[in-house]
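Working notes for the structure below.
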Amino acid sequence: MQHPAFEEVTVQHEQQDDAAFNKKIRKTTILLSVITVIELALGLAIYTIHKGPDPNATLILAFKGMICILTLAKAYYIVSVFMHLGDEIRNMIMTIVVPLLLFIWFIIAFIYDGHSYKELRNEFDKHFQETTTPVQHQPAEKPQSPVGGKE
Amino acid sequence: MSTTTVHKTKWWSGGKSPFNLEYGKVMMWYFLMSDTFTFGAFLISYGSIRFSQNTWVDHNVVFSAFPGAGHANLPLAFVSVMTFILIISSVTMVLAVHAGHKGNKQGVIKWLLWTILGGVAFLSCQAWEWHHLITGEHAVLVNGQIDLIGQTMGANPWGNIVHDQAALTSALANTPHETLVHLVHSQDHSHSINQLAAMSDTQLRGMVDFAEIHVREKGPIAFGGYFFGITGFHGFHVFSGVVINIIMVIMTKKDVFKKRGHYLMIEKAGLYWHFVDLVWVFVFLCFYLI
């Protein structure tokens, strides 16, 4: 069975009946909304922990990690259901997804590079370290020189 | 050899699309993939710079305003409205594409118009947010005096809070009249700007309460450029998506697709629109959540 307008499209995409389609879309909409609400709740939790007297850095990091995973889940549902990539044949899915694997290297390499730059600067540029590291709540011994633009 | 089942089809034997899609849609996918790398590069560059700093902007301090709520501290509130607007407009786009599948002209027009409305609403929200960030001035300690600045590409008031009372007091002594007037006005609404302007500097300095006004250092310079650059580039995508959807409505009204026999163009516009939603998911993550 060929596509009415494009003979190179050889297999027709399955025509869903309205009921099944509506159900799928409703389900995905609710899913995306629920994930967003969970993300917002985690974001507010991070905000509350930050405000508290003794912020737990590990807990904040864990919450941020959870938010990242939830974001990837959202991206999966948008691409797979809304953009119908999940309904395409394997060839099509692979030609899009495989190049995106570059992001694994991309993210790790550049975040690591940024971190490494910070470490090097803190080690060899004490002025940078002293003027940009957040001061704790206790008043400083002597007036700190104001920080202008950070080059 | 006619196609029997999907699994037995020889996709690469020629005479048919190995992706089982028409040219236009495959190219739209490749364009979107390249755009993914553009946005990815922007966001990763932002992350790289952020990881290279000892301190970074606290997004809950930056994005805590809501239209009409004055100075109320509402972190995440406005951006969640923007996020839901985009999710809902994505759903209406799916419905427009589905109506196109069935050749339902009125359905396509109806759902496209809802999608356009969502896009315009999102852009309006972004315009408000930008305006608020640029014009909303906050106290910063810079060069030994207090200054009031908004968030721009060149500077932003989102650095560390200054806890050193001695430095603040001496900075206050160096602060010009005009700034003092606005500084006092930002916390004390019982006097008008004119009333405050008539007061002496000593009076004004006495009215400044550093327990109420958080004076910060200037924030990392890169933040403004990245924020306005990336959300601006995304906003530009939303804007072009709205324009494309308007063109789709006009073409549908003129029966262009009906004469063509299919509404595949709506699917391509739909892919672009969903991509805009997809990018927002990651902009939302990088700027507002983590």
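By convention in this document, the chains of the structure tokens carry letters A, B, ... by their order, each chain's residues are numbered from 1, and ligands are numbered from 1 in the order they are shown.
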
> So which residues of stretch 170-233 of chain B fall under alpha helix (DSSP H) by DSSP, listed as a VMD selection string?
Replying inline: chain B and resid 170 to 174 177 to 187 193 to 198 201 to 207 222 to 233

Suppose we keep N, CA and C atoms; can you now write the selection as a compact mmCIF listing (two decimals), in the first residue's frame?
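So the final result, stored in part_31.txt, reads:
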# COMPACT_ATOMS: atom_id res chain seq x y z
N SER B 170 30.53 52.61 54.73
CA SER B 170 31.42 53.55 54.04
C SER B 170 30.98 53.74 52.59
N ALA B 171 30.44 52.68 51.98
CA ALA B 171 29.94 52.80 50.61
C ALA B 171 28.77 53.77 50.55
N LEU B 172 27.94 53.72 51.59
CA LEU B 172 26.76 54.59 51.64
C LEU B 172 27.18 56.06 51.66
N ALA B 173 28.29 56.33 52.37
CA ALA B 173 28.78 57.71 52.44
C ALA B 173 29.24 58.21 51.08
N ASN B 174 29.67 57.30 50.20
CA ASN B 174 30.13 57.70 48.87
C ASN B 174 29.03 57.72 47.82
N HIS B 177 23.39 61.36 45.66
CA HIS B 177 22.02 61.69 46.08
C HIS B 177 20.97 60.90 45.29
N GLU B 178 21.11 60.94 43.98
CA GLU B 178 20.13 60.31 43.09
C GLU B 178 19.94 58.83 43.43
N THR B 179 21.07 58.13 43.62
CA THR B 179 21.00 56.71 43.94
C THR B 179 20.37 56.50 45.31
N LEU B 180 20.73 57.36 46.28
CA LEU B 180 20.16 57.23 47.63
C LEU B 180 18.64 57.34 47.59
N VAL B 181 18.16 58.31 46.79
CA VAL B 181 16.71 58.52 46.68
C VAL B 181 16.02 57.23 46.23
N HIS B 182 16.58 56.62 45.17
CA HIS B 182 15.94 55.42 44.63
C HIS B 182 16.13 54.22 45.55
N LEU B 183 17.26 54.20 46.25
CA LEU B 183 17.53 53.10 47.19
C LEU B 183 16.51 53.12 48.32
N VAL B 184 16.28 54.31 48.87
CA VAL B 184 15.29 54.43 49.95
C VAL B 184 13.90 54.13 49.41
N HIS B 185 13.63 54.62 48.21
CA HIS B 185 12.31 54.41 47.62
C HIS B 185 11.99 52.94 47.41
N SER B 186 13.04 52.14 47.16
CA SER B 186 12.81 50.72 46.87
C SER B 186 12.28 49.98 48.10
N GLN B 187 12.52 50.49 49.30
CA GLN B 187 12.00 49.79 50.48
C GLN B 187 10.92 50.59 51.21
N ILE B 193 8.96 59.86 45.27
CA ILE B 193 10.32 60.14 44.79
C ILE B 193 10.65 61.63 45.01
N ASN B 194 9.68 62.50 44.75
CA ASN B 194 9.92 63.93 44.88
C ASN B 194 10.18 64.32 46.33
N GLN B 195 9.40 63.74 47.24
CA GLN B 195 9.61 64.03 48.67
C GLN B 195 11.01 63.61 49.09
N LEU B 196 11.40 62.40 48.63
CA LEU B 196 12.72 61.89 48.99
C LEU B 196 13.82 62.75 48.39
N ALA B 197 13.59 63.20 47.16
CA ALA B 197 14.62 63.98 46.47
C ALA B 197 14.88 65.29 47.21
N ALA B 198 13.86 65.78 47.92
CA ALA B 198 14.01 67.05 48.63
C ALA B 198 14.79 66.88 49.93
N ASP B 201 21.12 64.28 52.07
CA ASP B 201 21.78 62.99 51.97
C ASP B 201 21.85 62.30 53.34
N THR B 202 22.10 63.10 54.38
CA THR B 202 22.22 62.52 55.72
C THR B 202 20.90 61.87 56.15
N GLN B 203 19.81 62.58 55.89
CA GLN B 203 18.48 62.02 56.20
C GLN B 203 18.27 60.71 55.45
N LEU B 204 18.59 60.75 54.16
CA LEU B 204 18.36 59.57 53.32
C LEU B 204 19.21 58.39 53.80
N ARG B 205 20.48 58.68 54.16
CA ARG B 205 21.35 57.60 54.61
C ARG B 205 20.79 56.97 55.89
N GLY B 206 20.19 57.83 56.73
CA GLY B 206 19.60 57.31 57.97
C GLY B 206 18.42 56.40 57.70
N MET B 207 17.80 56.56 56.54
CA MET B 207 16.59 55.78 56.24
C MET B 207 16.92 54.42 55.59
N ALA B 222 29.02 36.81 32.56
CA ALA B 222 28.52 35.96 31.49
C ALA B 222 27.03 35.65 31.62
N PHE B 223 26.49 35.73 32.83
CA PHE B 223 25.10 35.29 33.01
C PHE B 223 24.12 36.04 32.12
N GLY B 224 24.24 37.38 32.09
CA GLY B 224 23.29 38.18 31.30
C GLY B 224 23.32 37.79 29.82
N GLY B 225 24.52 37.71 29.28
CA GLY B 225 24.65 37.38 27.85
C GLY B 225 24.08 36.01 27.54
N TYR B 226 24.40 35.03 28.38
CA TYR B 226 23.87 33.68 28.14
C TYR B 226 22.36 33.65 28.27
N PHE B 227 21.85 34.30 29.32
CA PHE B 227 20.39 34.26 29.51
C PHE B 227 19.66 34.91 28.35
N PHE B 228 20.06 36.16 28.04
CA PHE B 228 19.35 36.85 26.96
C PHE B 228 19.63 36.20 25.61
N GLY B 229 20.86 35.71 25.42
CA GLY B 229 21.20 35.06 24.15
C GLY B 229 20.40 33.79 23.91
N ILE B 230 20.37 32.93 24.92
CA ILE B 230 19.72 31.62 24.71
C ILE B 230 18.20 31.75 24.74
N THR B 231 17.65 32.47 25.74
CA THR B 231 16.19 32.61 25.73
C THR B 231 15.75 33.46 24.53
N GLY B 232 16.62 34.38 24.11
CA GLY B 232 16.29 35.18 22.93
C GLY B 232 16.28 34.33 21.66
N PHE B 233 17.27 33.45 21.55
CA PHE B 233 17.32 32.58 20.38
C PHE B 233 16.12 31.62 20.38

Which of stretch 41-231 of chain B fall in strand (DSSP E or B), as a PDB file with C-alpha atoms, in the first residue's frame:
ATOM      1  CA  HIS B 138      18.851  46.134  42.585  1.00  0.00           C
ATOM      2  CA  ALA B 139      21.479  47.472  44.970  1.00  0.00           C
ATOM      3  CA  VAL B 140      25.077  46.433  44.325  1.00  0.00           C
ATOM      4  CA  LEU B 141      28.333  47.401  45.992  1.00  0.00           C
ATOM      5  CA  VAL B 142      30.694  48.490  43.247  1.00  0.00           C
ATOM      6  CA  GLN B 145      29.721  52.874  46.523  1.00  0.00           C
ATOM      7  CA  ILE B 146      26.187  51.595  46.235  1.00  0.00           C
ATOM      8  CA  ASP B 147      24.756  51.446  42.750  1.00  0.00           C
ATOM      9  CA  LEU B 148      21.386  50.355  41.404  1.00  0.00           C
ATOM     10  CA  ILE B 149      21.557  48.164  38.311  1.00  0.00           C
ATOM     11  CA  ILE B 161      25.357  39.162  49.308  1.00  0.00           C
ATOM     12  CA  ARG B 216      25.078  42.239  46.494  1.00  0.00           C
TER      13      ARG B 216
END

> Got a sec to pull out which chain B residues are within 8 Å of chain A, counting only C-alpha atoms, and send them as a ChimeraX atom specification?
Replying inline: /B:3,6,15-22,29-30,33,40,44-45,47-55,60,75-76,80,84,87-88,90-91,94,141-144,160,163-167,217-218,220-221,261-262,270-271,274,278,281-282,285,289-290

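One distance worth recording is that between atom CA of B:Thr92 and atom CA of B:Leu112, which is 7.1 Å.
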
> Just how far from atom CA of B:Ala77 is atom CA of B:His214, in Å to one decimal?
Replying inline: 21.8 Å

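Put simply, atom CA of B:Glu129 is 28.0 Å away from atom CA of B:Asp209.
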